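For reference, input-v4.cif (mmCIF, C-alpha atoms and all ligand atoms):
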```
data_work
#
loop_
_atom_site.label_atom_id
_atom_site.label_comp_id
_atom_site.auth_asym_id
_atom_site.auth_seq_id
_atom_site.Cartn_x
_atom_site.Cartn_y
_atom_site.Cartn_z
CA MET A 1 370.58 93.96 107.65
CA SER A 2 370.14 95.86 104.41
CA ALA A 3 371.54 99.37 104.41
CA PHE A 4 368.89 100.40 101.90
CA LYS A 5 366.17 102.61 103.30
CA GLU A 6 363.00 100.55 103.49
CA LEU A 7 360.60 101.60 100.77
CA VAL A 8 357.44 99.93 99.50
CA PHE A 9 356.47 100.05 95.81
CA SER A 10 353.63 98.39 93.93
CA GLY A 11 351.46 98.95 90.88
CA VAL A 12 348.09 98.05 89.40
CA GLN A 13 347.22 98.06 85.69
CA PRO A 14 344.32 100.14 84.40
CA THR A 15 343.01 97.23 82.34
CA GLY A 16 339.42 96.99 83.53
CA ASN A 17 337.28 96.73 86.60
CA LEU A 18 339.20 96.06 89.79
CA HIS A 19 338.05 92.85 91.44
CA LEU A 20 338.18 91.24 94.83
CA GLY A 21 341.47 89.47 93.95
CA ASN A 22 343.17 92.81 93.22
CA TYR A 23 341.75 94.21 96.45
CA LEU A 24 342.57 91.36 98.83
CA GLY A 25 345.79 90.27 97.10
CA ALA A 26 347.26 93.75 96.69
CA ILE A 27 345.40 96.97 97.56
CA LYS A 28 344.41 95.95 101.09
CA LYS A 29 348.08 95.21 101.77
CA PHE A 30 349.07 98.61 100.32
CA VAL A 31 346.83 100.24 102.91
CA ALA A 32 348.24 98.20 105.80
CA LEU A 33 351.86 98.85 104.80
CA GLN A 34 351.46 102.63 104.65
CA GLU A 35 351.13 102.76 108.45
CA ASN A 36 354.81 102.04 109.08
CA ASN A 37 356.56 102.55 105.74
CA ASP A 38 357.19 105.07 103.00
CA CYS A 39 355.15 103.84 100.05
CA ILE A 40 354.90 104.54 96.33
CA TYR A 41 351.77 103.24 94.59
CA CYS A 42 351.53 103.47 90.84
CA VAL A 43 348.86 103.02 88.20
CA VAL A 44 350.97 101.21 85.64
CA ASP A 45 349.41 102.56 82.45
CA LEU A 46 352.38 101.66 80.23
CA HIS A 47 351.97 98.02 81.27
CA SER A 48 348.34 98.07 80.21
CA LEU A 49 349.42 98.73 76.60
CA THR A 50 350.75 95.16 76.45
CA ALA A 51 347.15 93.94 76.83
CA GLN A 52 345.46 96.50 74.59
CA LEU A 53 347.32 99.13 72.60
CA VAL A 54 344.27 101.10 71.48
CA HIS A 55 342.57 101.96 74.72
CA GLU A 56 339.68 104.41 74.33
CA ASP A 57 339.07 104.80 78.05
CA LEU A 58 342.64 104.58 79.37
CA LYS A 59 342.43 107.96 81.08
CA ASP A 60 339.21 107.08 82.89
CA GLN A 61 340.50 103.66 83.89
CA THR A 62 343.66 105.28 85.25
CA ARG A 63 341.48 107.64 87.29
CA ALA A 64 339.31 104.73 88.47
CA ILE A 65 342.30 102.78 89.83
CA THR A 66 343.51 105.96 91.54
CA ALA A 67 340.05 106.43 93.04
CA ALA A 68 340.16 102.81 94.29
CA PHE A 69 343.52 103.48 95.96
CA LEU A 70 342.18 106.59 97.68
CA ALA A 71 338.80 105.03 98.56
CA SER A 72 340.58 102.06 100.15
CA GLY A 73 342.46 104.43 102.43
CA ILE A 74 345.80 105.22 100.77
CA ASP A 75 346.94 108.68 101.79
CA PRO A 76 348.46 110.49 98.76
CA ARG A 77 349.93 113.29 100.89
CA LYS A 78 351.98 111.04 103.15
CA HIS A 79 352.82 108.64 100.33
CA ILE A 80 353.15 108.87 96.55
CA VAL A 81 350.35 107.97 94.13
CA PHE A 82 350.91 108.55 90.41
CA ASN A 83 350.57 107.05 86.95
CA GLN A 84 353.65 105.42 85.48
CA SER A 85 353.77 107.20 82.11
CA ARG A 86 354.34 110.57 83.84
CA VAL A 87 357.78 109.43 84.96
CA MET A 88 359.77 108.66 81.84
CA GLN A 89 362.65 107.23 83.89
CA HIS A 90 360.64 103.97 84.23
CA ALA A 91 360.88 103.44 80.47
CA GLU A 92 364.54 104.53 80.40
CA LEU A 93 365.56 102.04 83.08
CA ALA A 94 363.42 99.34 81.45
CA TRP A 95 365.47 99.74 78.26
CA ILE A 96 368.69 99.29 80.21
CA PHE A 97 367.20 96.23 81.93
CA ASN A 98 366.22 94.85 78.51
CA CYS A 99 369.93 94.80 77.84
CA VAL A 100 370.71 93.19 81.23
CA ALA A 101 367.99 90.49 81.20
CA ARG A 102 368.28 87.45 78.90
CA ILE A 103 365.62 86.37 76.41
CA GLY A 104 365.62 82.91 78.01
CA TRP A 105 364.56 84.45 81.33
CA MET A 106 361.60 86.16 79.68
CA ASN A 107 360.59 83.06 77.73
CA ARG A 108 360.22 81.17 81.01
CA MET A 109 357.62 83.58 82.42
CA THR A 110 354.33 81.71 82.87
CA GLN A 111 352.29 84.91 82.55
CA PHE A 112 353.82 85.51 79.10
CA LYS A 113 353.05 81.94 78.07
CA ASP A 114 349.45 82.23 79.34
CA LYS A 115 348.79 85.62 77.79
CA ALA A 116 350.57 84.98 74.48
CA GLY A 117 348.74 81.65 74.09
CA LYS A 118 349.53 79.44 71.11
CA ASP A 119 350.39 82.28 68.72
CA ARG A 120 353.55 83.36 70.54
CA GLU A 121 355.33 84.66 67.43
CA ASN A 122 352.54 87.18 67.04
CA ALA A 123 352.60 88.45 70.65
CA SER A 124 353.94 91.97 71.10
CA LEU A 125 357.54 92.49 72.13
CA GLY A 126 356.10 94.56 74.99
CA LEU A 127 354.31 91.51 76.40
CA LEU A 128 357.59 89.58 76.42
CA ALA A 129 359.50 92.50 77.96
CA TYR A 130 356.77 93.27 80.56
CA PRO A 131 358.79 91.91 83.53
CA SER A 132 361.72 94.12 82.60
CA LEU A 133 359.51 97.23 82.86
CA MET A 134 358.14 95.90 86.14
CA ALA A 135 361.71 95.52 87.46
CA ALA A 136 362.37 99.13 86.40
CA ASP A 137 359.20 100.36 88.15
CA ILE A 138 360.46 98.91 91.40
CA LEU A 139 364.18 99.52 91.12
CA VAL A 140 364.02 103.09 89.81
CA TYR A 141 363.07 103.88 93.42
CA ARG A 142 365.41 101.19 94.81
CA ALA A 143 362.32 99.86 96.59
CA THR A 144 362.97 97.12 99.14
CA HIS A 145 359.47 95.62 99.51
CA VAL A 146 356.75 94.89 96.96
CA PRO A 147 353.26 93.78 98.04
CA VAL A 148 351.60 91.70 95.29
CA GLY A 149 349.33 88.72 94.73
CA GLU A 150 350.89 85.30 94.28
CA ASP A 151 350.58 85.48 90.48
CA GLN A 152 353.36 88.09 90.46
CA LYS A 153 355.87 85.97 92.39
CA GLN A 154 357.78 84.84 89.31
CA HIS A 155 358.08 88.43 88.02
CA LEU A 156 359.51 89.50 91.36
CA GLU A 157 362.06 86.71 91.24
CA LEU A 158 363.07 88.06 87.85
CA THR A 159 363.37 91.56 89.33
CA ARG A 160 365.79 90.11 91.88
CA ASP A 161 367.76 88.37 89.10
CA ILE A 162 368.00 91.61 87.10
CA ALA A 163 369.17 93.58 90.16
CA GLN A 164 371.75 90.93 90.98
CA LYS A 165 373.08 90.76 87.40
CA PHE A 166 373.31 94.55 87.17
CA ASN A 167 375.13 94.66 90.52
CA ASN A 168 377.55 91.94 89.34
CA ASP A 169 378.10 93.22 85.78
CA PHE A 170 378.89 96.73 87.02
CA SER A 171 380.46 95.86 90.38
CA ASP A 172 383.77 97.59 89.58
CA ARG A 173 382.10 100.81 88.42
CA ILE A 174 379.73 100.78 91.40
CA ARG A 175 382.72 100.44 93.74
CA GLU A 176 384.81 103.10 91.92
CA LEU A 177 381.95 105.59 92.10
CA GLY A 178 381.28 104.77 95.75
CA LEU A 179 377.66 103.88 94.96
CA GLY A 180 377.59 100.40 96.53
CA VAL A 181 375.33 99.61 99.45
CA ALA A 182 375.87 96.63 101.75
CA MET A 183 373.05 94.10 101.87
CA ASN A 184 372.46 90.59 103.05
CA VAL A 185 371.58 88.08 100.37
CA GLY A 186 371.00 84.71 102.03
CA ASP A 187 373.94 84.24 104.40
CA GLU A 188 376.23 86.53 102.43
CA THR A 189 376.85 90.27 102.72
CA VAL A 190 377.25 91.77 99.25
CA HIS A 191 377.54 95.29 97.82
CA GLY A 192 375.37 96.53 95.05
CA PHE A 193 373.56 99.53 93.66
CA PHE A 194 370.13 97.92 93.49
CA PRO A 195 368.49 96.18 96.46
CA ILE A 196 367.40 92.56 96.15
CA THR A 197 363.74 93.33 96.64
CA GLU A 198 361.56 91.28 98.99
CA PRO A 199 358.10 90.28 97.81
CA VAL A 200 355.30 90.77 100.33
CA ILE A 201 352.99 87.90 99.43
CA GLY A 202 350.89 85.77 101.71
CA GLY A 203 347.86 85.52 103.90
CA PRO A 204 344.67 83.63 103.11
CA ALA A 205 343.87 85.73 100.04
CA ALA A 206 347.17 85.81 98.13
CA ARG A 207 345.54 84.02 95.20
CA ILE A 208 341.79 84.44 94.80
CA MET A 209 340.32 82.09 92.23
CA SER A 210 337.46 82.53 89.75
CA LEU A 211 334.01 82.01 91.27
CA ARG A 212 333.17 79.79 88.27
CA ASP A 213 336.33 77.65 88.20
CA GLY A 214 338.53 77.05 91.23
CA SER A 215 341.53 76.23 89.03
CA LYS A 216 341.68 79.69 87.35
CA LYS A 217 342.61 82.92 89.11
CA MET A 218 340.03 85.66 89.42
CA SER A 219 340.93 88.03 86.61
CA LYS A 220 339.79 91.30 85.04
CA SER A 221 340.03 89.76 81.59
CA ASP A 222 337.85 86.69 82.26
CA PRO A 223 334.96 87.02 79.78
CA SER A 224 332.46 85.90 82.45
CA ASP A 225 331.50 88.70 84.83
CA LEU A 226 330.11 86.02 87.16
CA SER A 227 333.69 84.79 87.68
CA ARG A 228 334.64 87.85 89.73
CA ILE A 229 333.33 90.35 92.24
CA ASN A 230 334.11 93.83 90.97
CA LEU A 231 334.89 96.52 93.54
CA THR A 232 332.05 98.55 92.04
CA ASP A 233 329.39 95.79 92.13
CA ASP A 234 326.27 96.72 94.10
CA ALA A 235 324.97 94.65 97.02
CA ASP A 236 322.50 92.64 94.93
CA THR A 237 325.11 91.77 92.32
CA ILE A 238 327.62 90.68 94.98
CA SER A 239 325.00 88.45 96.64
CA LYS A 240 323.92 86.99 93.29
CA LYS A 241 327.50 86.19 92.26
CA ILE A 242 328.29 84.51 95.58
CA LYS A 243 325.04 82.54 95.45
CA LYS A 244 325.93 81.33 91.94
CA ALA A 245 329.57 80.59 92.83
CA LYS A 246 330.55 77.02 91.97
CA THR A 247 330.84 74.72 95.01
CA ASP A 248 330.61 71.02 95.78
CA PRO A 249 327.76 69.23 97.60
CA ASP A 250 329.65 68.58 100.87
CA ALA A 251 329.48 70.58 104.09
CA LEU A 252 332.46 72.74 105.08
CA PRO A 253 335.13 70.79 106.98
CA SER A 254 336.31 71.80 110.46
CA GLU A 255 340.01 71.45 109.61
CA LEU A 256 342.19 72.87 106.82
CA ASP A 257 343.07 69.35 105.58
CA GLY A 258 339.44 68.87 104.67
CA LEU A 259 339.76 71.57 101.96
CA ALA A 260 342.34 69.56 99.99
CA LYS A 261 341.07 68.86 96.46
CA ARG A 262 338.10 71.20 97.05
CA PRO A 263 339.43 74.32 95.27
CA GLU A 264 336.09 76.15 95.07
CA ALA A 265 335.37 75.58 98.78
CA GLU A 266 338.91 76.64 99.70
CA ASN A 267 338.54 79.78 97.59
CA LEU A 268 335.35 80.92 99.33
CA VAL A 269 336.89 80.22 102.74
CA GLY A 270 339.98 82.23 101.70
CA ILE A 271 337.80 85.13 100.56
CA TYR A 272 335.93 85.12 103.86
CA ALA A 273 339.21 85.02 105.80
CA GLY A 274 340.71 87.85 103.71
CA LEU A 275 337.67 90.08 104.20
CA ALA A 276 337.36 89.28 107.91
CA GLU A 277 341.15 89.67 108.42
CA THR A 278 341.39 86.25 109.98
CA SER A 279 342.76 82.83 109.00
CA LYS A 280 341.15 80.01 107.03
CA GLU A 281 341.45 77.87 110.18
CA ALA A 282 339.41 80.41 112.17
CA VAL A 283 336.72 80.49 109.44
CA LEU A 284 336.49 76.69 109.52
CA ARG A 285 336.22 76.73 113.31
CA GLU A 286 333.19 78.97 112.92
CA PHE A 287 331.52 77.36 109.88
CA GLY A 288 332.84 73.74 109.92
CA GLY A 289 329.95 71.28 109.46
CA GLN A 290 327.68 73.91 107.84
CA GLN A 291 326.37 73.66 104.27
CA PHE A 292 327.14 76.27 101.61
CA SER A 293 323.49 77.30 101.82
CA ALA A 294 324.37 78.76 105.24
CA PHE A 295 327.94 79.89 104.50
CA LYS A 296 327.26 81.74 101.23
CA PRO A 297 324.78 84.27 102.71
CA ALA A 298 327.22 84.99 105.55
CA LEU A 299 330.00 85.53 103.00
CA ALA A 300 327.75 87.77 100.87
CA ASP A 301 326.85 89.92 103.90
CA LEU A 302 330.51 90.28 104.83
CA ALA A 303 331.53 91.16 101.26
CA VAL A 304 328.81 93.81 101.00
CA GLU A 305 329.73 95.24 104.43
CA LYS A 306 333.40 95.59 103.44
CA LEU A 307 333.09 96.56 99.76
CA ALA A 308 330.04 98.86 99.66
CA PRO A 309 331.77 101.75 101.50
CA ILE A 310 334.73 101.51 99.09
CA ALA A 311 332.45 101.55 96.05
CA ASP A 312 330.54 104.57 97.43
CA GLU A 313 333.76 106.42 98.14
CA MET A 314 335.14 105.56 94.68
CA ARG A 315 332.03 107.07 93.07
CA ARG A 316 332.39 110.20 95.20
CA ILE A 317 336.07 110.60 94.28
CA MET A 318 335.48 109.91 90.58
CA ALA A 319 332.95 112.74 90.46
CA ASP A 320 335.85 115.19 90.88
CA THR A 321 338.31 114.24 88.14
CA THR A 322 340.28 117.46 88.69
CA HIS A 323 341.13 116.32 92.20
CA VAL A 324 342.17 112.85 90.96
CA ASP A 325 344.30 114.38 88.19
CA ASN A 326 345.97 116.71 90.69
CA VAL A 327 346.84 113.77 92.97
CA LEU A 328 348.49 112.01 90.02
CA LYS A 329 350.29 115.19 88.89
CA ASP A 330 351.66 115.93 92.35
CA GLY A 331 352.63 112.27 92.88
CA GLY A 332 354.28 112.21 89.46
CA GLN A 333 356.43 115.24 90.29
CA ARG A 334 357.60 113.73 93.58
CA ALA A 335 358.19 110.29 92.03
CA GLY A 336 360.01 111.86 89.08
CA ALA A 337 362.49 113.65 91.36
CA LEU A 338 363.33 110.37 93.15
CA ALA A 339 363.58 108.41 89.91
CA GLU A 340 365.91 111.00 88.35
CA GLN A 341 368.28 110.69 91.33
CA THR A 342 368.56 106.95 90.68
CA MET A 343 368.96 107.43 86.92
CA ARG A 344 371.79 109.93 87.32
CA SER A 345 373.71 107.26 89.19
CA VAL A 346 372.72 104.53 86.71
CA ARG A 347 373.90 106.66 83.76
CA ASP A 348 377.22 107.23 85.56
CA ILE A 349 377.60 103.53 86.37
CA ILE A 350 376.98 102.55 82.74
CA GLY A 351 379.11 105.37 81.35
CA LEU A 352 376.43 107.31 79.48
CA LEU A 353 377.36 110.94 78.84
CA GLN A 354 375.19 113.37 80.81
CA ASP A 355 375.47 116.94 82.13
N1 LIG B 401 343.15 86.63 91.64
C1 LIG B 401 344.01 87.34 92.34
N2 LIG B 401 344.25 87.04 93.65
C2 LIG B 401 345.14 87.79 94.38
N3 LIG B 401 345.83 88.84 93.86
C3 LIG B 401 345.61 89.16 92.57
N4 LIG B 401 346.10 90.13 91.78
C4 LIG B 401 345.56 90.02 90.54
N5 LIG B 401 344.70 89.00 90.50
C5 LIG B 401 344.71 88.44 91.74
C6 LIG B 401 347.06 91.13 92.20
O1 LIG B 401 346.52 92.41 91.93
C7 LIG B 401 347.59 93.31 91.65
C8 LIG B 401 347.28 94.10 90.43
O2 LIG B 401 347.17 93.25 89.31
P1 LIG B 401 347.37 93.86 87.87
O3 LIG B 401 346.34 94.84 87.58
O4 LIG B 401 348.72 94.39 87.74
O5 LIG B 401 347.25 92.70 86.84
P2 LIG B 401 347.07 91.17 86.87
O6 LIG B 401 347.88 90.50 87.91
O7 LIG B 401 347.30 90.70 85.50
O8 LIG B 401 345.54 91.10 87.31
P3 LIG B 401 344.27 90.65 86.58
O9 LIG B 401 343.15 91.26 87.33
O10 LIG B 401 344.23 89.19 86.44
O11 LIG B 401 344.30 91.32 85.17
P4 LIG B 401 344.30 90.67 83.75
O12 LIG B 401 343.02 89.92 83.63
O13 LIG B 401 344.39 91.85 82.87
O14 LIG B 401 345.48 89.76 83.67
C9 LIG B 401 348.85 92.47 91.52
O15 LIG B 401 349.60 92.57 92.72
C10 LIG B 401 348.34 91.07 91.37
O16 LIG B 401 349.23 90.11 91.90
#
```

Serialized structure, structure tokens:
Amino acid sequence: MSAFKELVFSGVQPTGNLHLGNYLGAIKKFVALQENNDCIYCVVDLHSLTAQLVHEDLKDQTRAITAAFLASGIDPRKHIVFNQSRVMQHAELAWIFNCVARIGWMNRMTQFKDKAGKDRENASLGLLAYPSLMAADILVYRATHVPVGEDQKQHLELTRDIAQKFNNDFSDRIRELGLGVAMNVGDETVHGFFPITEPVIGGPAARIMSLRDGSKKMSKSDPSDLSRINLTDDADTISKKIKKAKTDPDALPSELDGLAKRPEAENLVGIYAGLAETSKEAVLREFGGQQFSAFKPALADLAVEKLAPIADEMRRIMADTTHVDNVLKDGGQRAGALAEQTMRSVRDIIGLLQD
């Protein structure tokens, strides 16, 4: 049993329209976890600079993600909602983690390879160091659980590696200062300052794929808007995108095995299951043997039923930017106080001079 207090942290980048993958893979889980946990949810605006440094509408996109959090049901009074750049301790800890992490670790990150493309030498240093800032986001609160989509699994493993290396490199100082906490790592009980964070990944919608290509994940940056369902799409647009979604000519199978090598079919079944809060097996029990011409309208109706109220609520919240800004300001103050507590200990552990 970990002696760390259970705390949930996660973040979303303000890099464009939120889509169904962000919602089912992450935000819906944020909402579920807030029932029984203390949660901190962050709009990670500093991360978005790795994609686009000059960002005309960064403020509005930050507000839009915040509105999506609130419209989905996150309660900013019981939990903390804020934008990352308000709490400078994230960047401070990220610098320290840059000195803990190894370049080889960063070079192995598949997201870096995908996003940097062929011209890696010309990618920003920020893109390479992205996982180190993500580790700092999580560990500056010593968060124990992080709900994310499957694409973030490798970054979370790196967060665990950074925590473990910090705990090992500074084990004597951590012990001397009495800052160690007992935790179970595998079968072993170890002491450390940072928890070895658990990812919360899973369910039928952990990796939603593009509606145009079942081998690519649904993504904000895909140039084709038909590849994704945006949280703000209206009913007609959602129906049109699902109708146009790529499929194969066969009927839906009755068993999960029948989805093997049918990525587009599996994706639509996963989306249905995620929206209906059921399993892919249950969806196949209901629709097995039916053609896509019958399944797609049912999926479109379900998507509209679940997403339209969120889109309406987002629009309502966005109309009052002062309220949104106040949520972020208040959240930032509360997050900042927690982060500073951690950083005081980190500065002591490292031996930095402070008052
Ligand atoms: N397709 C997806 N299926 C399930 N979960 C997903 N997530 C993203 N895409 C999918 C999860 O959403 C959370 C927020 O993601 P992010 O904004 O931090 O950035 P990202 O992972 O890089 O998402 P995008 O939408 O694909 O953005 P771009 O196109 O800018 O790269 C994370 O928990 C993520 O796992």

6 Å contact set for segment 7-23 of chain A, only C-alpha atoms, chain neighbours under 5 positions out, as JSON, numbers by chain | {"A": [28, 38, 39, 40, 41, 42, 43, 44, 45, 48, 61, 62, 143, 144, 145, 146, 208, 220, 229, 230, 231]}

Near segment 337-348 of chain A, counting only C-alpha atoms, which residues have an atom at most 9 Å away, once you skip same-chain residues fewer than 3 positions from it, shown as a short mmCIF file (atom, residue, chain, number, x, y, z; two decimals) with C-alpha atoms, keeping the file's coordinate frame?
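Full text of part-v2.cif as output:
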```
data_model
loop_
_atom_site.label_atom_id
_atom_site.label_comp_id
_atom_site.auth_asym_id
_atom_site.auth_seq_id
_atom_site.Cartn_x
_atom_site.Cartn_y
_atom_site.Cartn_z
CA VAL A 87 357.78 109.43 84.96
CA MET A 88 359.77 108.66 81.84
CA GLN A 89 362.65 107.23 83.89
CA HIS A 90 360.64 103.97 84.23
CA GLU A 92 364.54 104.53 80.40
CA LEU A 93 365.56 102.04 83.08
CA LEU A 139 364.18 99.52 91.12
CA VAL A 140 364.02 103.09 89.81
CA TYR A 141 363.07 103.88 93.42
CA ARG A 142 365.41 101.19 94.81
CA ARG A 173 382.10 100.81 88.42
CA LEU A 177 381.95 105.59 92.10
CA LEU A 179 377.66 103.88 94.96
CA PHE A 193 373.56 99.53 93.66
CA GLY A 332 354.28 112.21 89.46
CA GLN A 333 356.43 115.24 90.29
CA ARG A 334 357.60 113.73 93.58
CA GLY A 351 379.11 105.37 81.35
CA LEU A 352 376.43 107.31 79.48
CA LEU A 353 377.36 110.94 78.84
CA GLN A 354 375.19 113.37 80.81
#
```

One-decimal distance in Å that lies between atom CA of Val148 of chain A and atom CA of Ser219 of chain A =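 Between these atoms lies a distance of 14.2 Å.
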
Fewer than 5 positions away in the same chain doesn't count, so skip those; otherwise give me all residues within 10 Å of segment 149-153 of chain A, counting all atoms listed in the file, as a ChimeraX atom specification.
-> /A:21-27,29,110-111,131,158-159,199-203,205-208,217

Prev. selection, C-alpha atoms, output as a PDB file, keeping the file's coordinate frame:
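Heads up, here's the output in out_30.pdb:
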```
ATOM      1  CA  GLY A  21     341.470  89.470  93.950  1.00  0.00           C
ATOM      2  CA  ASN A  22     343.170  92.810  93.220  1.00  0.00           C
ATOM      3  CA  TYR A  23     341.750  94.210  96.450  1.00  0.00           C
ATOM      4  CA  LEU A  24     342.570  91.360  98.830  1.00  0.00           C
ATOM      5  CA  GLY A  25     345.790  90.270  97.100  1.00  0.00           C
ATOM      6  CA  ALA A  26     347.260  93.750  96.690  1.00  0.00           C
ATOM      7  CA  ILE A  27     345.400  96.970  97.560  1.00  0.00           C
ATOM      8  CA  LYS A  29     348.080  95.210 101.770  1.00  0.00           C
ATOM      9  CA  THR A 110     354.330  81.710  82.870  1.00  0.00           C
ATOM     10  CA  GLN A 111     352.290  84.910  82.550  1.00  0.00           C
ATOM     11  CA  PRO A 131     358.790  91.910  83.530  1.00  0.00           C
ATOM     12  CA  LEU A 158     363.070  88.060  87.850  1.00  0.00           C
ATOM     13  CA  THR A 159     363.370  91.560  89.330  1.00  0.00           C
ATOM     14  CA  PRO A 199     358.100  90.280  97.810  1.00  0.00           C
ATOM     15  CA  VAL A 200     355.300  90.770 100.330  1.00  0.00           C
ATOM     16  CA  ILE A 201     352.990  87.900  99.430  1.00  0.00           C
ATOM     17  CA  GLY A 202     350.890  85.770 101.710  1.00  0.00           C
ATOM     18  CA  GLY A 203     347.860  85.520 103.900  1.00  0.00           C
ATOM     19  CA  ALA A 205     343.870  85.730 100.040  1.00  0.00           C
ATOM     20  CA  ALA A 206     347.170  85.810  98.130  1.00  0.00           C
ATOM     21  CA  ARG A 207     345.540  84.020  95.200  1.00  0.00           C
ATOM     22  CA  ILE A 208     341.790  84.440  94.800  1.00  0.00           C
ATOM     23  CA  LYS A 217     342.610  82.920  89.110  1.00  0.00           C
TER      24      LYS A 217
END
```

With 8 Å added on each side, what axis-aligned box encloses every listed atom of ligand LIG 401 (chain B)? Give the centre and edge lengths in Å to one decimal, as JSON.
```
{"center_x": 346.3, "center_y": 90.7, "center_z": 88.6, "size_x": 22.6, "size_y": 24.2, "size_z": 27.5}
```

Excluding Asp169 of chain A and any residue of its chain fewer than 6 positions from it, enumerate the residues within 12 Å of it, using all atoms listed in the file, and give them as a list in words.
->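 Result of the neighbour search: Phe97, Cys99, Val100, Ala101, Asp161, Ile162, Ala163, Arg175, Gly192, Phe193, Ile349 and Ile350 of chain A.
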
Dump as a PDB file, in the coordinates of the input, selection limited to C-alpha atoms:
```
ATOM      1  CA  PHE A  97     367.200  96.230  81.930  1.00  0.00           C
ATOM      2  CA  CYS A  99     369.930  94.800  77.840  1.00  0.00           C
ATOM      3  CA  VAL A 100     370.710  93.190  81.230  1.00  0.00           C
ATOM      4  CA  ALA A 101     367.990  90.490  81.200  1.00  0.00           C
ATOM      5  CA  ASP A 161     367.760  88.370  89.100  1.00  0.00           C
ATOM      6  CA  ILE A 162     368.000  91.610  87.100  1.00  0.00           C
ATOM      7  CA  ALA A 163     369.170  93.580  90.160  1.00  0.00           C
ATOM      8  CA  ARG A 175     382.720 100.440  93.740  1.00  0.00           C
ATOM      9  CA  GLY A 192     375.370  96.530  95.050  1.00  0.00           C
ATOM     10  CA  PHE A 193     373.560  99.530  93.660  1.00  0.00           C
ATOM     11  CA  ILE A 349     377.600 103.530  86.370  1.00  0.00           C
ATOM     12  CA  ILE A 350     376.980 102.550  82.740  1.00  0.00           C
TER      13      ILE A 350
END
```

For each of A:Asn168, A:Thr197, A:Ser215, A:Ser293, take the minimum atom-to-atom distance to ligand LIG 401 (chain B), counting all atoms listed in the file, then give the residue where this is smallest.
-> A:Ser215

Quick one, how far is atom CA of Lys5 of chain A from atom CA of Ile96 of chain A?
->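 For atom CA of Lys5 of chain A relative to atom CA of Ile96 of chain A, the distance reads 23.5 Å.
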
Please provide the set of residues having any atom within 10 Å of Tyr272 of chain A, restricted to all atoms listed in the file, with same-chain residues fewer than 2 positions apart removed, written as a short mmCIF file (atom, residue, chain, number, x, y, z; two decimals) with C-alpha atoms, keeping the file's coordinate frame.
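In the end it all went to selection.cif:
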```
data_model
loop_
_atom_site.label_atom_id
_atom_site.label_comp_id
_atom_site.auth_asym_id
_atom_site.auth_seq_id
_atom_site.Cartn_x
_atom_site.Cartn_y
_atom_site.Cartn_z
CA PRO A 204 344.67 83.63 103.11
CA ALA A 205 343.87 85.73 100.04
CA GLU A 266 338.91 76.64 99.70
CA ASN A 267 338.54 79.78 97.59
CA LEU A 268 335.35 80.92 99.33
CA VAL A 269 336.89 80.22 102.74
CA GLY A 270 339.98 82.23 101.70
CA GLY A 274 340.71 87.85 103.71
CA LEU A 275 337.67 90.08 104.20
CA ALA A 276 337.36 89.28 107.91
CA GLU A 277 341.15 89.67 108.42
CA THR A 278 341.39 86.25 109.98
CA SER A 279 342.76 82.83 109.00
CA LYS A 280 341.15 80.01 107.03
CA VAL A 283 336.72 80.49 109.44
CA PHE A 295 327.94 79.89 104.50
CA LYS A 296 327.26 81.74 101.23
CA ALA A 298 327.22 84.99 105.55
CA LEU A 299 330.00 85.53 103.00
CA ALA A 300 327.75 87.77 100.87
CA LEU A 302 330.51 90.28 104.83
CA ALA A 303 331.53 91.16 101.26
#
```
